[in-house]
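*Asks:* model_17.csv (CSV, C-alpha atoms (C1' of nucleotides)) pasted underneath:
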chain,number,residue,atom,x,y,z
W,340,MET,CA,-41.4,5.7,1.5
W,341,SER,CA,-40.1,2.3,0.6
W,342,ASN,CA,-40.7,3.3,-3.0
W,343,SER,CA,-38.8,6.5,-2.5
W,344,LEU,CA,-36.0,4.6,-0.8
W,345,ARG,CA,-35.8,2.1,-3.6
W,346,HIS,CA,-35.6,5.0,-6.0
W,347,MET,CA,-32.9,6.6,-4.0
W,348,GLU,CA,-30.9,3.5,-3.9
W,349,GLY,CA,-31.1,3.1,-7.6
W,350,THR,CA,-29.9,6.6,-8.0
W,351,ILE,CA,-27.0,6.0,-5.6
W,352,VAL,CA,-26.0,2.9,-7.4
W,353,ASP,CA,-26.1,4.7,-10.8
W,354,ASN,CA,-24.1,7.5,-9.4
W,355,GLN,CA,-21.6,5.0,-8.1
W,356,SER,CA,-21.1,3.5,-11.5
W,357,GLU,CA,-21.0,6.9,-13.0
W,358,LYS,CA,-18.5,7.9,-10.4
W,359,ILE,CA,-16.1,5.1,-11.2
W,360,SER,CA,-15.6,6.0,-14.8
W,361,HIS,CA,-15.7,9.7,-13.9
W,362,ARG,CA,-13.0,9.3,-11.3
W,363,LEU,CA,-11.0,7.1,-13.6
W,364,GLU,CA,-10.9,9.8,-16.1
W,365,LYS,CA,-9.8,12.3,-13.5
W,366,ILE,CA,-7.0,10.0,-12.4
W,367,PHE,CA,-5.8,9.3,-15.9
W,368,THR,CA,-5.8,12.9,-17.0
W,369,PRO,CA,-3.6,14.3,-18.3
W,370,ALA,CA,-0.9,11.5,-18.0
W,371,PRO,CA,-2.0,7.9,-17.3
W,372,LEU,CA,-0.1,7.4,-14.1
W,373,GLN,CA,3.3,8.1,-15.6
W,374,VAL,CA,6.1,7.8,-13.1
W,375,PRO,CA,7.7,11.3,-13.1
W,376,GLY,CA,5.6,13.4,-10.7
W,377,CYS,CA,2.3,11.4,-10.6
W,378,PRO,CA,0.6,12.2,-7.3
W,379,VAL,CA,-1.3,8.9,-7.2
W,380,ARG,CA,1.9,6.9,-7.4
W,381,ASP,CA,3.7,9.2,-5.0
W,382,VAL,CA,1.1,8.9,-2.3
W,383,LEU,CA,0.5,5.2,-2.9
W,384,ASP,CA,4.2,4.4,-2.6
W,385,ARG,CA,4.4,6.6,0.5
W,386,ILE,CA,1.5,5.0,2.5
W,387,GLY,CA,2.0,1.6,0.9
W,388,ASP,CA,4.7,0.6,3.4
W,389,LYS,CA,4.1,-1.8,6.3
W,390,TRP,CA,3.1,0.6,9.1
W,391,SER,CA,1.8,3.9,7.9
W,392,ILE,CA,-1.8,3.0,7.4
W,393,LEU,CA,-1.9,1.0,10.6
W,394,SER,CA,-0.5,3.9,12.5
W,395,VAL,CA,-3.1,6.3,11.0
W,396,LEU,CA,-5.9,3.8,11.9
W,397,HIS,CA,-4.7,3.5,15.5
W,398,LEU,CA,-4.3,7.3,15.9
W,399,GLY,CA,-7.8,7.8,14.5
W,400,HIS,CA,-9.2,5.2,16.9
W,401,SER,CA,-7.5,6.4,20.0
W,402,GLY,CA,-6.9,10.1,19.3
W,403,LYS,CA,-3.8,11.6,20.9
W,404,LEU,CA,-1.2,9.0,21.7
W,405,ARG,CA,2.2,8.9,23.2
W,406,PHE,CA,5.1,7.0,21.6
W,407,ASN,CA,5.0,4.1,23.9
W,408,GLU,CA,1.2,3.8,23.7
W,409,LEU,CA,1.5,3.5,19.9
W,410,LEU,CA,4.4,1.0,20.3
W,411,HIS,CA,2.2,-1.3,22.4
W,412,ARG,CA,-1.0,-0.8,20.4
W,413,ILE,CA,0.5,-1.5,16.9
W,414,ASP,CA,1.0,-5.2,17.0
W,415,GLY,CA,4.5,-6.3,15.9
W,416,ILE,CA,6.0,-2.9,15.2
W,417,SER,CA,9.6,-2.3,16.3
W,418,GLN,CA,10.8,0.9,18.0
W,419,ARG,CA,12.8,1.8,15.0
W,420,MET,CA,10.0,1.4,12.5
W,421,LEU,CA,7.6,3.4,14.7
W,422,THR,CA,10.0,6.2,14.7
W,423,VAL,CA,10.6,6.0,11.0
W,424,THR,CA,6.9,5.8,10.2
W,425,LEU,CA,5.9,8.7,12.5
W,426,ARG,CA,8.6,10.9,11.0
W,427,GLY,CA,7.3,10.1,7.5
W,428,LEU,CA,3.7,10.8,8.5
W,429,GLU,CA,4.7,14.0,10.2
W,430,ARG,CA,6.8,15.1,7.2
W,431,ASP,CA,3.8,14.6,4.9
W,432,GLY,CA,1.5,16.5,7.2
W,433,PHE,CA,-0.7,13.6,8.3
W,434,VAL,CA,0.4,13.6,12.0
W,435,SER,CA,1.4,16.4,14.4
W,436,ARG,CA,4.0,15.9,17.0
W,437,ARG,CA,3.9,17.8,20.3
W,438,ILE,CA,6.8,17.6,22.7
W,439,TYR,CA,6.3,18.5,26.4
W,440,ALA,CA,9.4,19.7,28.3
W,441,GLU,CA,9.0,17.3,31.2
W,442,VAL,CA,11.1,14.6,32.8
W,443,PRO,CA,10.6,12.0,31.8
W,444,PRO,CA,9.9,13.4,28.4
W,445,ARG,CA,6.5,13.1,26.9
W,446,VAL,CA,5.6,13.3,23.2
W,447,GLU,CA,2.1,13.1,21.8
W,448,TYR,CA,1.1,12.3,18.3
W,449,GLU,CA,-2.2,13.2,16.7
W,450,LEU,CA,-3.8,13.2,13.3
W,451,THR,CA,-4.0,16.5,11.6
W,452,ALA,CA,-7.0,17.6,9.5
W,453,LEU,CA,-5.2,16.2,6.5
W,454,GLY,CA,-4.5,13.0,8.4
W,455,VAL,CA,-8.2,12.7,9.2
W,456,SER,CA,-9.1,13.1,5.6
W,457,LEU,CA,-6.6,10.4,4.7
W,458,LEU,CA,-8.1,8.2,7.5
W,459,ASP,CA,-11.5,8.6,5.9
W,460,GLN,CA,-10.2,7.1,2.7
W,461,VAL,CA,-8.2,4.4,4.4
W,462,LEU,CA,-11.2,3.4,6.4
W,463,GLY,CA,-13.0,2.7,3.2
W,464,LEU,CA,-10.3,0.2,2.2
W,465,ALA,CA,-10.1,-1.3,5.7
W,466,VAL,CA,-13.9,-1.9,5.9
W,467,TRP,CA,-13.9,-3.3,2.4
W,468,ALA,CA,-11.1,-5.7,3.4
W,469,GLN,CA,-13.0,-6.9,6.4
W,470,ASP,CA,-16.2,-7.3,4.4
W,471,ASN,CA,-14.6,-9.1,1.5
W,472,MET,CA,-12.0,-11.2,3.2
W,473,GLY,CA,-14.3,-14.3,2.9
W,474,ASP,CA,-14.4,-14.1,-0.9
W,475,ILE,CA,-10.6,-13.6,-1.1
W,476,ILE,CA,-10.0,-16.6,1.1
W,477,THR,CA,-12.3,-18.7,-1.0
W,478,SER,CA,-10.5,-17.6,-4.1
W,479,ARG,CA,-7.2,-18.4,-2.7
W,480,ALA,CA,-8.3,-21.8,-1.6
W,481,ALA,CA,-9.7,-22.6,-5.0
W,482,HIS,CA,-6.5,-21.5,-6.7
W,483,ALA,CA,-4.4,-23.5,-4.3
W,484,ASN,CA,-6.4,-26.6,-5.2
W,485,ALA,CA,-6.1,-25.9,-8.9
W,486,ALA,CA,-2.3,-25.6,-8.5
W,487,GLY,CA,-2.2,-28.8,-6.5
W,488,PHE,CA,-3.9,-30.7,-9.3
W,489,GLN,CA,-1.4,-29.5,-11.8
W,490,ASN,CA,1.4,-30.9,-9.6
W,491,LEU,CA,-0.1,-34.3,-9.4
W,492,PRO,CA,1.7,-37.2,-11.3
S,599,MET,CA,-34.2,23.3,-3.5
S,600,SER,CA,-31.0,25.0,-2.4
S,601,ASN,CA,-32.3,24.7,1.1
S,602,SER,CA,-33.0,21.1,0.7
S,603,LEU,CA,-29.6,20.6,-0.8
S,604,ARG,CA,-27.9,22.4,2.0
S,605,HIS,CA,-29.8,20.2,4.4
S,606,MET,CA,-28.8,17.2,2.5
S,607,GLU,CA,-25.2,18.2,2.6
S,608,GLY,CA,-25.3,18.8,6.3
S,609,THR,CA,-26.7,15.4,6.7
S,610,ILE,CA,-24.1,13.9,4.5
S,611,VAL,CA,-21.3,15.6,6.4
S,612,ASP,CA,-22.7,14.5,9.8
S,613,ASN,CA,-23.1,11.0,8.5
S,614,GLN,CA,-19.5,11.1,7.3
S,615,SER,CA,-18.2,12.1,10.7
S,616,GLU,CA,-20.5,9.5,12.3
S,617,LYS,CA,-19.2,7.0,9.8
S,618,ILE,CA,-15.6,7.5,10.8
S,619,SER,CA,-16.0,6.5,14.4
S,620,HIS,CA,-18.5,3.9,13.5
S,621,ARG,CA,-16.2,2.3,10.9
S,622,LEU,CA,-13.3,2.6,13.3
S,623,GLU,CA,-15.3,0.6,15.8
S,624,LYS,CA,-16.0,-2.0,13.2
S,625,ILE,CA,-12.4,-2.3,12.2
S,626,PHE,CA,-11.1,-2.5,15.8
S,627,THR,CA,-13.7,-5.2,16.8
S,628,PRO,CA,-13.0,-7.7,18.1
S,629,ALA,CA,-9.2,-7.5,17.9
S,630,PRO,CA,-7.5,-4.2,17.3
S,631,LEU,CA,-5.7,-5.2,14.1
S,632,GLN,CA,-3.7,-8.0,15.7
S,633,VAL,CA,-1.4,-9.7,13.4
S,634,PRO,CA,-2.7,-13.4,13.3
S,635,GLY,CA,-5.6,-13.4,10.9
S,636,CYS,CA,-6.5,-9.8,10.7
S,637,PRO,CA,-8.3,-9.2,7.3
S,638,VAL,CA,-7.3,-5.5,7.2
S,639,ARG,CA,-3.6,-6.2,7.5
S,640,ASP,CA,-3.8,-9.2,5.2
S,641,VAL,CA,-5.4,-7.2,2.3
S,642,LEU,CA,-3.3,-4.1,3.0
S,643,ASP,CA,-0.1,-6.1,2.8
S,644,ARG,CA,-1.3,-7.8,-0.3
S,645,ILE,CA,-2.2,-4.7,-2.3
S,646,GLY,CA,0.5,-2.6,-0.7
S,647,ASP,CA,3.1,-3.8,-3.2
S,648,LYS,CA,4.4,-1.6,-6.0
S,649,TRP,CA,2.2,-2.7,-8.9
S,650,SER,CA,-1.1,-4.2,-7.7
S,651,ILE,CA,-3.1,-1.1,-7.3
S,652,LEU,CA,-1.7,0.4,-10.5
S,653,SER,CA,-2.7,-2.7,-12.4
S,654,VAL,CA,-6.2,-2.6,-11.0
S,655,LEU,CA,-6.5,1.1,-12.0
S,656,HIS,CA,-5.3,0.4,-15.6
S,657,LEU,CA,-7.6,-2.6,-15.9
S,658,GLY,CA,-10.5,-0.5,-14.6
S,659,HIS,CA,-9.7,2.3,-17.0
S,660,SER,CA,-9.2,0.2,-20.2
S,661,GLY,CA,-11.4,-2.8,-19.5
S,662,LYS,CA,-10.2,-6.1,-21.0
S,663,LEU,CA,-6.4,-6.0,-21.7
S,664,ARG,CA,-3.8,-8.3,-23.1
S,665,PHE,CA,-0.5,-9.0,-21.4
S,666,ASN,CA,1.5,-6.7,-23.7
S,667,GLU,CA,-1.0,-4.0,-23.6
S,668,LEU,CA,-0.7,-3.9,-19.8
S,669,LEU,CA,3.0,-4.1,-20.1
S,670,HIS,CA,3.1,-0.9,-22.2
S,671,ARG,CA,0.5,1.0,-20.3
S,672,ILE,CA,1.9,0.5,-16.8
S,673,ASP,CA,4.9,2.8,-16.8
S,674,GLY,CA,8.0,1.2,-15.5
S,675,ILE,CA,6.8,-2.3,-14.8
S,676,SER,CA,9.0,-5.2,-16.0
S,677,GLN,CA,7.7,-8.4,-17.7
S,678,ARG,CA,8.5,-10.4,-14.6
S,679,MET,CA,6.7,-8.1,-12.2
S,680,LEU,CA,3.6,-7.9,-14.4
S,681,THR,CA,3.4,-11.7,-14.4
S,682,VAL,CA,3.9,-11.9,-10.6
S,683,THR,CA,1.4,-9.1,-10.0
S,684,LEU,CA,-1.3,-10.6,-12.3
S,685,ARG,CA,-0.9,-14.0,-10.7
S,686,GLY,CA,-1.4,-12.5,-7.3
S,687,LEU,CA,-4.5,-10.5,-8.4
S,688,GLU,CA,-5.9,-13.6,-10.1
S,689,ARG,CA,-5.2,-15.8,-7.1
S,690,ASP,CA,-7.1,-13.4,-4.8
S,691,GLY,CA,-10.0,-13.2,-7.2
S,692,PHE,CA,-9.6,-9.6,-8.4
S,693,VAL,CA,-8.7,-10.4,-12.0
S,694,SER,CA,-9.8,-13.0,-14.4
S,695,ARG,CA,-7.5,-14.6,-17.0
S,696,ARG,CA,-8.8,-15.9,-20.3
S,697,ILE,CA,-6.5,-17.8,-22.6
S,698,TYR,CA,-7.5,-18.1,-26.3
S,699,ALA,CA,-6.1,-21.1,-28.1
S,700,GLU,CA,-4.7,-19.2,-31.0
S,701,VAL,CA,-1.3,-18.6,-32.6
S,702,PRO,CA,0.2,-16.3,-31.7
S,703,PRO,CA,-1.3,-16.9,-28.2
S,704,ARG,CA,-3.7,-14.3,-26.8
S,705,VAL,CA,-4.4,-13.9,-23.1
S,706,GLU,CA,-6.9,-11.3,-21.8
S,707,TYR,CA,-7.1,-9.9,-18.3
S,708,GLU,CA,-10.2,-8.3,-16.8
S,709,LEU,CA,-11.4,-7.1,-13.4
S,710,THR,CA,-13.9,-9.5,-11.7
S,711,ALA,CA,-16.8,-8.1,-9.8
S,712,LEU,CA,-14.7,-8.3,-6.7
S,713,GLY,CA,-12.0,-6.5,-8.5
S,714,VAL,CA,-14.4,-3.7,-9.5
S,715,SER,CA,-15.4,-3.3,-5.9
S,716,LEU,CA,-11.8,-3.0,-4.9
S,717,LEU,CA,-11.3,-0.5,-7.7
S,718,ASP,CA,-14.0,1.6,-6.2
S,719,GLN,CA,-12.2,1.8,-2.9
S,720,VAL,CA,-8.8,2.4,-4.5
S,721,LEU,CA,-10.2,5.2,-6.6
S,722,GLY,CA,-11.2,7.0,-3.4
S,723,LEU,CA,-7.6,6.9,-2.3
S,724,ALA,CA,-6.3,7.8,-5.8
S,725,VAL,CA,-8.6,10.8,-6.2
S,726,TRP,CA,-7.8,11.9,-2.7
S,727,ALA,CA,-4.1,11.7,-3.5
S,728,GLN,CA,-4.5,13.8,-6.5
S,729,ASP,CA,-6.6,16.4,-4.7
S,730,ASN,CA,-4.3,16.6,-1.7
S,731,MET,CA,-0.9,16.4,-3.3
S,732,GLY,CA,-0.5,20.1,-3.0
S,733,ASP,CA,-0.8,20.1,0.8
S,734,ILE,CA,1.6,17.2,1.0
S,735,ILE,CA,4.2,18.9,-1.1
S,736,THR,CA,3.9,22.0,1.0
S,737,SER,CA,4.3,20.1,4.2
S,738,ARG,CA,7.4,18.3,2.8
S,739,ALA,CA,9.0,21.5,1.7
S,740,ALA,CA,8.3,23.1,5.1
S,741,HIS,CA,9.8,20.1,6.9
S,742,ALA,CA,12.8,20.1,4.6
S,743,ASN,CA,13.4,23.7,5.4
S,744,ALA,CA,13.1,23.1,9.1
S,745,ALA,CA,15.6,20.3,8.8
S,746,GLY,CA,17.9,22.5,6.8
S,747,PHE,CA,17.9,25.1,9.6
S,748,GLN,CA,18.9,22.5,12.1
S,749,ASN,CA,21.9,21.6,10.0
S,750,LEU,CA,23.2,25.2,9.8
S,751,PRO,CA,26.4,26.1,11.7
Z,804,DC,C1',10.6,7.9,28.1
Z,805,DT,C1',11.8,8.9,23.4
Z,806,DG,C1',14.4,8.1,20.2
Z,807,DG,C1',19.2,8.2,17.3
Z,808,DA,C1',23.0,5.2,15.4
Z,809,DT,C1',24.6,0.7,13.6
Z,810,DC,C1',24.6,-3.5,11.8
Z,811,DC,C1',22.3,-7.3,9.4
Z,812,DT,C1',19.0,-10.0,6.7
Z,813,DA,C1',15.2,-11.4,3.9
Z,814,DA,C1',12.2,-10.0,0.7
Z,815,DG,C1',11.1,-7.1,-3.3
Z,816,DA,C1',12.3,-5.9,-7.5
Z,817,DG,C1',15.2,-5.2,-12.1
Z,818,DA,C1',17.9,-7.2,-16.1
Z,819,DT,C1',18.7,-10.6,-19.1
Z,820,DA,C1',18.2,-14.8,-21.6
Z,821,DC,C1',15.4,-18.6,-23.0
Z,822,DT,C1',10.8,-21.4,-24.4
Z,823,DG,C1',5.9,-23.2,-25.8
I,303,DC,C1',2.8,-13.4,-27.8
I,304,DA,C1',3.1,-14.6,-23.2
I,305,DG,C1',5.3,-16.0,-20.3
I,306,DT,C1',9.4,-18.9,-17.2
I,307,DA,C1',14.1,-19.2,-15.2
I,308,DT,C1',18.1,-17.2,-13.0
I,309,DC,C1',20.9,-14.0,-11.4
I,310,DT,C1',21.9,-9.9,-9.0
I,311,DC,C1',21.0,-5.8,-6.4
I,312,DT,C1',18.7,-2.6,-3.7
I,313,DT,C1',16.2,-1.6,0.2
I,314,DA,C1',12.6,-2.1,3.8
I,315,DG,C1',12.6,-3.7,7.9
I,316,DG,C1',14.3,-6.2,12.5
I,317,DA,C1',17.7,-6.5,16.5
I,318,DT,C1',20.5,-4.3,19.5
I,319,DC,C1',23.0,-0.8,21.9
I,320,DC,C1',23.4,3.8,23.4
I,321,DA,C1',22.1,8.7,24.7
I,322,DG,C1',19.4,13.2,26.1
Mind turning this structure into structure tokens?

*Replies:*
Amino acid sequence: MSNSLRHMEGTIVDNQSEKISHRLEKIFTPAPLQVPGCPVRDVLDRIGDKWSILSVLHLGHSGKLRFNELLHRIDGISQRMLTVTLRGLERDGFVSRRIYAEVPPRVEYELTALGVSLLDQVLGLAVWAQDNMGDIITSRAAHANAAGFQNLP
Amino acid sequence: MSNSLRHMEGTIVDNQSEKISHRLEKIFTPAPLQVPGCPVRDVLDRIGDKWSILSVLHLGHSGKLRFNELLHRIDGISQRMLTVTLRGLERDGFVSRRIYAEVPPRVEYELTALGVSLLDQVLGLAVWAQDNMGDIITSRAAHANAAGFQNLP
DNA sequence: CTGGATCCTAAGAGATACTG
DNA sequence: CAGTATCTCTTAGGATCCAG
């Protein structure tokens, strides 16, 4: 069984390497990320803002959430930016918005199926960030030292 | 074999769903993406700029590249922003920079192992973007129409 | 409670010119 | 060739006030 596992891991790793070049080809075909109408650049610009990914992560973690709940959960976000971000996510179909005709008003936000599929990708990046932060910090420190030496008299 | 495949797919899907909540827990532990020192936010802010991910994709696709080669491949980037972006990627350990003492000078950039592992995650997002752009466009159009109706007299 | 409307600024990004 | 140095300019984002 450990042999079979080792074999499977090898296969997975190979598939992974294969997948990288294969997926690169897919992304670079037919136009290599040219600006007019490139989906990759469009989506990346869209979710590359300061709060979209964070909002998706929080909605994924907590499920259905009200405006004020999100406001308090997302550390540092302002009222205005939460509104702007949610409108954008709703517009692109990642988040659904349900208004209840009550007083005081209640509005609940939730990830759509499309939003969950985005969450799945974003989680890959988030976990990667957490796992590799150590290396990044190390590299930054080394580079800061190198820069420091250059500034010495 | 098709039975076994179907079984495997079921397992993969279940693992995937499992993985989402599991990875969410990992990300939200111990602090739920709080701003001081959160790796996820740090990395996301870092690669969330306009050119970093694009540069990583191009370097992954073409392998070793010179400054001017990158400049011409990355559609729309300016000389200055390419320099700034490459310095950032190098500083964080995603890209290596090798200078050849020749005339005219030659400098080659290449993804490090850490850069390749980032590329792997970014590719997930990129392919997802390409695959789901249709749905996003549809949602945007629908939302534009809805807004249009609200503006009618 | 949920946000819309305004005003304001700090950072990101483009253009251009110059250098080892 | 591979940058650096300025100089603007645009815009994302924050603060505040107001309204349904």

*Asks:* Sorted by chain and rising residue number, which residues of chain I lie within 9 Å of chain S, and what are their closest atom pairs and distances in Å to one decimal, counting all atoms listed in the file, as JSON lines?

*Replies:*
{"residue": "I:DC303", "atom": "C1'", "partner": "S:Pro703", "partner_atom": "CA", "distance": 5.4}
{"residue": "I:DA304", "atom": "C1'", "partner": "S:Phe665", "partner_atom": "CA", "distance": 6.9}
{"residue": "I:DG305", "atom": "C1'", "partner": "S:Thr681", "partner_atom": "CA", "distance": 7.5}
{"residue": "I:DT306", "atom": "C1'", "partner": "S:Arg678", "partner_atom": "CA", "distance": 8.9}

*Asks:* Can those selected residues be exported to a file as an mmCIF file, in the coordinates of the input so that it contains C-alpha atoms (C1' of nucleotides)?

*Replies:*
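Dumped everything to out.cif:
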data_model
loop_
_atom_site.group_PDB
_atom_site.id
_atom_site.type_symbol
_atom_site.label_atom_id
_atom_site.label_comp_id
_atom_site.auth_asym_id
_atom_site.auth_seq_id
_atom_site.Cartn_x
_atom_site.Cartn_y
_atom_site.Cartn_z
ATOM 1 C "C1'" DC I 303 2.800 -13.400 -27.800
ATOM 2 C "C1'" DA I 304 3.100 -14.600 -23.200
ATOM 3 C "C1'" DG I 305 5.300 -16.000 -20.300
ATOM 4 C "C1'" DT I 306 9.400 -18.900 -17.200
#

*Asks:* Set the distance at 12 Å and use all atoms listed in the file: which residues neighbour I:DC309 once local chain neighbours fewer than 2 positions away are removed? I'd like the list as a CSV table (one decimal) with C-alpha atoms (C1' of nucleotides), in the frame of the given file.

*Replies:*
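Below is the file that was written, out00.csv:
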chain,number,residue,atom,x,y,z
Z,817,DG,C1',15.2,-5.2,-12.1
Z,818,DA,C1',17.9,-7.2,-16.1
Z,819,DT,C1',18.7,-10.6,-19.1
Z,820,DA,C1',18.2,-14.8,-21.6
I,307,DA,C1',14.1,-19.2,-15.2
I,311,DC,C1',21.0,-5.8,-6.4

*Asks:* So how far away is atom CA of W:Ser401 from atom CA of S:Arg644, in Å?

*Replies:* 25.5 Å

*Asks:* What does chain W look like once superposed on chain S, all Cα atoms paired in sequence order, least squares? Give it as a compact mmCIF listing (two decimals) with C-alpha atoms, in the frame of the given file.

*Replies:*
# COMPACT_ATOMS: atom_id res chain seq x y z
CA MET W 340 -34.09 24.06 -2.89
CA SER W 341 -30.85 25.67 -1.91
CA ASN W 342 -32.09 25.40 1.66
CA SER W 343 -32.88 21.76 1.19
CA LEU W 344 -29.48 21.21 -0.40
CA ARG W 345 -27.72 22.94 2.44
CA HIS W 346 -29.63 20.72 4.81
CA MET W 347 -28.69 17.68 2.88
CA GLU W 348 -25.11 18.57 2.89
CA GLY W 349 -25.10 19.06 6.58
CA THR W 350 -26.63 15.69 6.98
CA ILE W 351 -24.03 14.11 4.69
CA VAL W 352 -21.24 15.72 6.56
CA ASP W 353 -22.66 14.52 9.93
CA ASN W 354 -23.06 11.09 8.57
CA GLN W 355 -19.49 11.19 7.39
CA SER W 356 -18.21 11.99 10.82
CA GLU W 357 -20.51 9.46 12.28
CA LYS W 358 -19.29 6.98 9.76
CA ILE W 359 -15.65 7.40 10.67
CA SER W 360 -16.02 6.45 14.27
CA HIS W 361 -18.59 3.81 13.33
CA ARG W 362 -16.26 2.22 10.83
CA LEU W 363 -13.38 2.49 13.22
CA GLU W 364 -15.23 0.49 15.69
CA LYS W 365 -16.05 -2.13 13.10
CA ILE W 366 -12.40 -2.38 12.12
CA PHE W 367 -11.16 -2.63 15.67
CA THR W 368 -13.66 -5.25 16.73
CA PRO W 369 -13.05 -7.75 18.08
CA ALA W 370 -9.16 -7.56 17.91
CA PRO W 371 -7.48 -4.19 17.21
CA LEU W 372 -5.65 -5.17 14.09
CA GLN W 373 -3.70 -7.98 15.69
CA VAL W 374 -1.37 -9.71 13.29
CA PRO W 375 -2.59 -13.36 13.31
CA GLY W 376 -5.48 -13.49 10.81
CA CYS W 377 -6.52 -9.78 10.62
CA PRO W 378 -8.20 -9.25 7.26
CA VAL W 379 -7.32 -5.55 7.13
CA ARG W 380 -3.63 -6.27 7.46
CA ASP W 381 -3.81 -9.22 5.10
CA VAL W 382 -5.41 -7.26 2.32
CA LEU W 383 -3.34 -4.14 2.94
CA ASP W 384 -0.08 -6.09 2.77
CA ARG W 385 -1.34 -7.88 -0.34
CA ILE W 386 -2.30 -4.76 -2.42
CA GLY W 387 0.34 -2.59 -0.77
CA ASP W 388 3.07 -3.75 -3.16
CA LYS W 389 4.37 -1.63 -6.05
CA TRP W 390 2.09 -2.74 -8.91
CA SER W 391 -1.15 -4.24 -7.79
CA ILE W 392 -3.18 -1.11 -7.41
CA LEU W 393 -1.78 0.37 -10.58
CA SER W 394 -2.68 -2.74 -12.47
CA VAL W 395 -6.26 -2.69 -11.09
CA LEU W 396 -6.56 1.04 -12.05
CA HIS W 397 -5.37 0.38 -15.61
CA LEU W 398 -7.66 -2.67 -16.04
CA GLY W 399 -10.60 -0.62 -14.76
CA HIS W 400 -9.76 2.20 -17.18
CA SER W 401 -9.24 0.11 -20.23
CA GLY W 402 -11.36 -2.99 -19.56
CA LYS W 403 -10.07 -6.22 -21.07
CA LEU W 404 -6.37 -6.12 -21.75
CA ARG W 405 -3.77 -8.39 -23.13
CA PHE W 406 -0.41 -8.96 -21.41
CA ASN W 407 1.57 -6.81 -23.68
CA GLU W 408 -1.00 -3.99 -23.60
CA LEU W 409 -0.70 -3.92 -19.79
CA LEU W 410 3.14 -4.08 -20.06
CA HIS W 411 3.17 -0.93 -22.21
CA ARG W 412 0.43 0.92 -20.33
CA ILE W 413 1.89 0.46 -16.77
CA ASP W 414 4.79 2.82 -16.81
CA GLY W 415 8.05 1.24 -15.58
CA ILE W 416 6.80 -2.25 -14.87
CA SER W 417 9.05 -5.17 -15.85
CA GLN W 418 7.80 -8.35 -17.55
CA ARG W 419 8.54 -10.33 -14.49
CA MET W 420 6.69 -8.09 -12.08
CA LEU W 421 3.65 -7.94 -14.39
CA THR W 422 3.48 -11.62 -14.34
CA VAL W 423 3.94 -11.83 -10.62
CA THR W 424 1.35 -9.15 -9.94
CA LEU W 425 -1.29 -10.61 -12.31
CA ARG W 426 -0.87 -14.04 -10.74
CA GLY W 427 -1.39 -12.52 -7.28
CA LEU W 428 -4.46 -10.58 -8.41
CA GLU W 429 -5.86 -13.63 -10.11
CA ARG W 430 -5.18 -15.82 -7.05
CA ASP W 431 -7.10 -13.37 -4.85
CA GLY W 432 -10.00 -13.22 -7.25
CA PHE W 433 -9.59 -9.62 -8.39
CA VAL W 434 -8.66 -10.42 -12.05
CA SER W 435 -9.77 -13.19 -14.45
CA ARG W 436 -7.45 -14.64 -16.95
CA ARG W 437 -8.71 -16.00 -20.28
CA ILE W 438 -6.38 -17.87 -22.57
CA TYR W 439 -7.24 -18.24 -26.30
CA ALA W 440 -5.74 -21.27 -28.11
CA GLU W 441 -4.29 -19.28 -30.99
CA VAL W 442 -0.86 -18.77 -32.49
CA PRO W 443 0.52 -16.52 -31.47
CA PRO W 444 -1.06 -17.01 -28.12
CA ARG W 445 -3.39 -14.45 -26.73
CA VAL W 446 -4.30 -13.92 -23.06
CA GLU W 447 -6.76 -11.36 -21.78
CA TYR W 448 -7.06 -10.05 -18.31
CA GLU W 449 -10.13 -8.42 -16.83
CA LEU W 450 -11.41 -7.28 -13.49
CA THR W 451 -13.87 -9.53 -11.84
CA ALA W 452 -16.88 -8.25 -9.85
CA LEU W 453 -14.71 -8.41 -6.78
CA GLY W 454 -11.95 -6.58 -8.61
CA VAL W 455 -14.41 -3.85 -9.54
CA SER W 456 -15.46 -3.47 -5.97
CA LEU W 457 -11.82 -3.20 -4.96
CA LEU W 458 -11.32 -0.61 -7.78
CA ASP W 459 -14.13 1.45 -6.30
CA GLN W 460 -12.26 1.70 -3.04
CA VAL W 461 -8.90 2.28 -4.64
CA LEU W 462 -10.34 5.03 -6.73
CA GLY W 463 -11.28 6.82 -3.59
CA LEU W 464 -7.63 6.81 -2.47
CA ALA W 465 -6.35 7.72 -5.94
CA VAL W 466 -8.70 10.75 -6.26
CA TRP W 467 -7.86 11.83 -2.75
CA ALA W 468 -4.14 11.65 -3.62
CA GLN W 469 -4.61 13.78 -6.67
CA ASP W 470 -6.74 16.29 -4.78
CA ASN W 471 -4.43 16.55 -1.81
CA MET W 472 -1.05 16.28 -3.39
CA GLY W 473 -0.62 20.12 -3.13
CA ASP W 474 -0.95 20.10 0.66
CA ILE W 475 1.47 17.14 0.98
CA ILE W 476 4.03 18.89 -1.16
CA THR W 477 3.72 22.02 0.88
CA SER W 478 4.18 20.04 4.03
CA ARG W 479 7.18 18.35 2.75
CA ALA W 480 8.74 21.56 1.65
CA ALA W 481 8.15 23.15 5.01
CA HIS W 482 9.68 20.19 6.81
CA ALA W 483 12.66 20.18 4.51
CA ASN W 484 13.29 23.82 5.37
CA ALA W 485 12.91 23.16 9.07
CA ALA W 486 15.48 20.34 8.80
CA GLY W 487 17.81 22.58 6.84
CA PHE W 488 17.78 25.17 9.60
CA GLN W 489 18.70 22.62 12.17
CA ASN W 490 21.77 21.69 10.09
CA LEU W 491 23.01 25.20 9.87
CA PRO W 492 26.24 26.11 11.87

*Asks:* Between Z:DC804, Z:DT822, Z:DG815, Z:DT809, which has the minimum distance to I:DA314 (counting only C-alpha atoms (C1' of nucleotides))?

*Replies:*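 Of Z:DC804, Z:DT822, Z:DG815, Z:DT809, the one nearest I:DA314 is Z:DG815, counting only C-alpha atoms (C1' of nucleotides).
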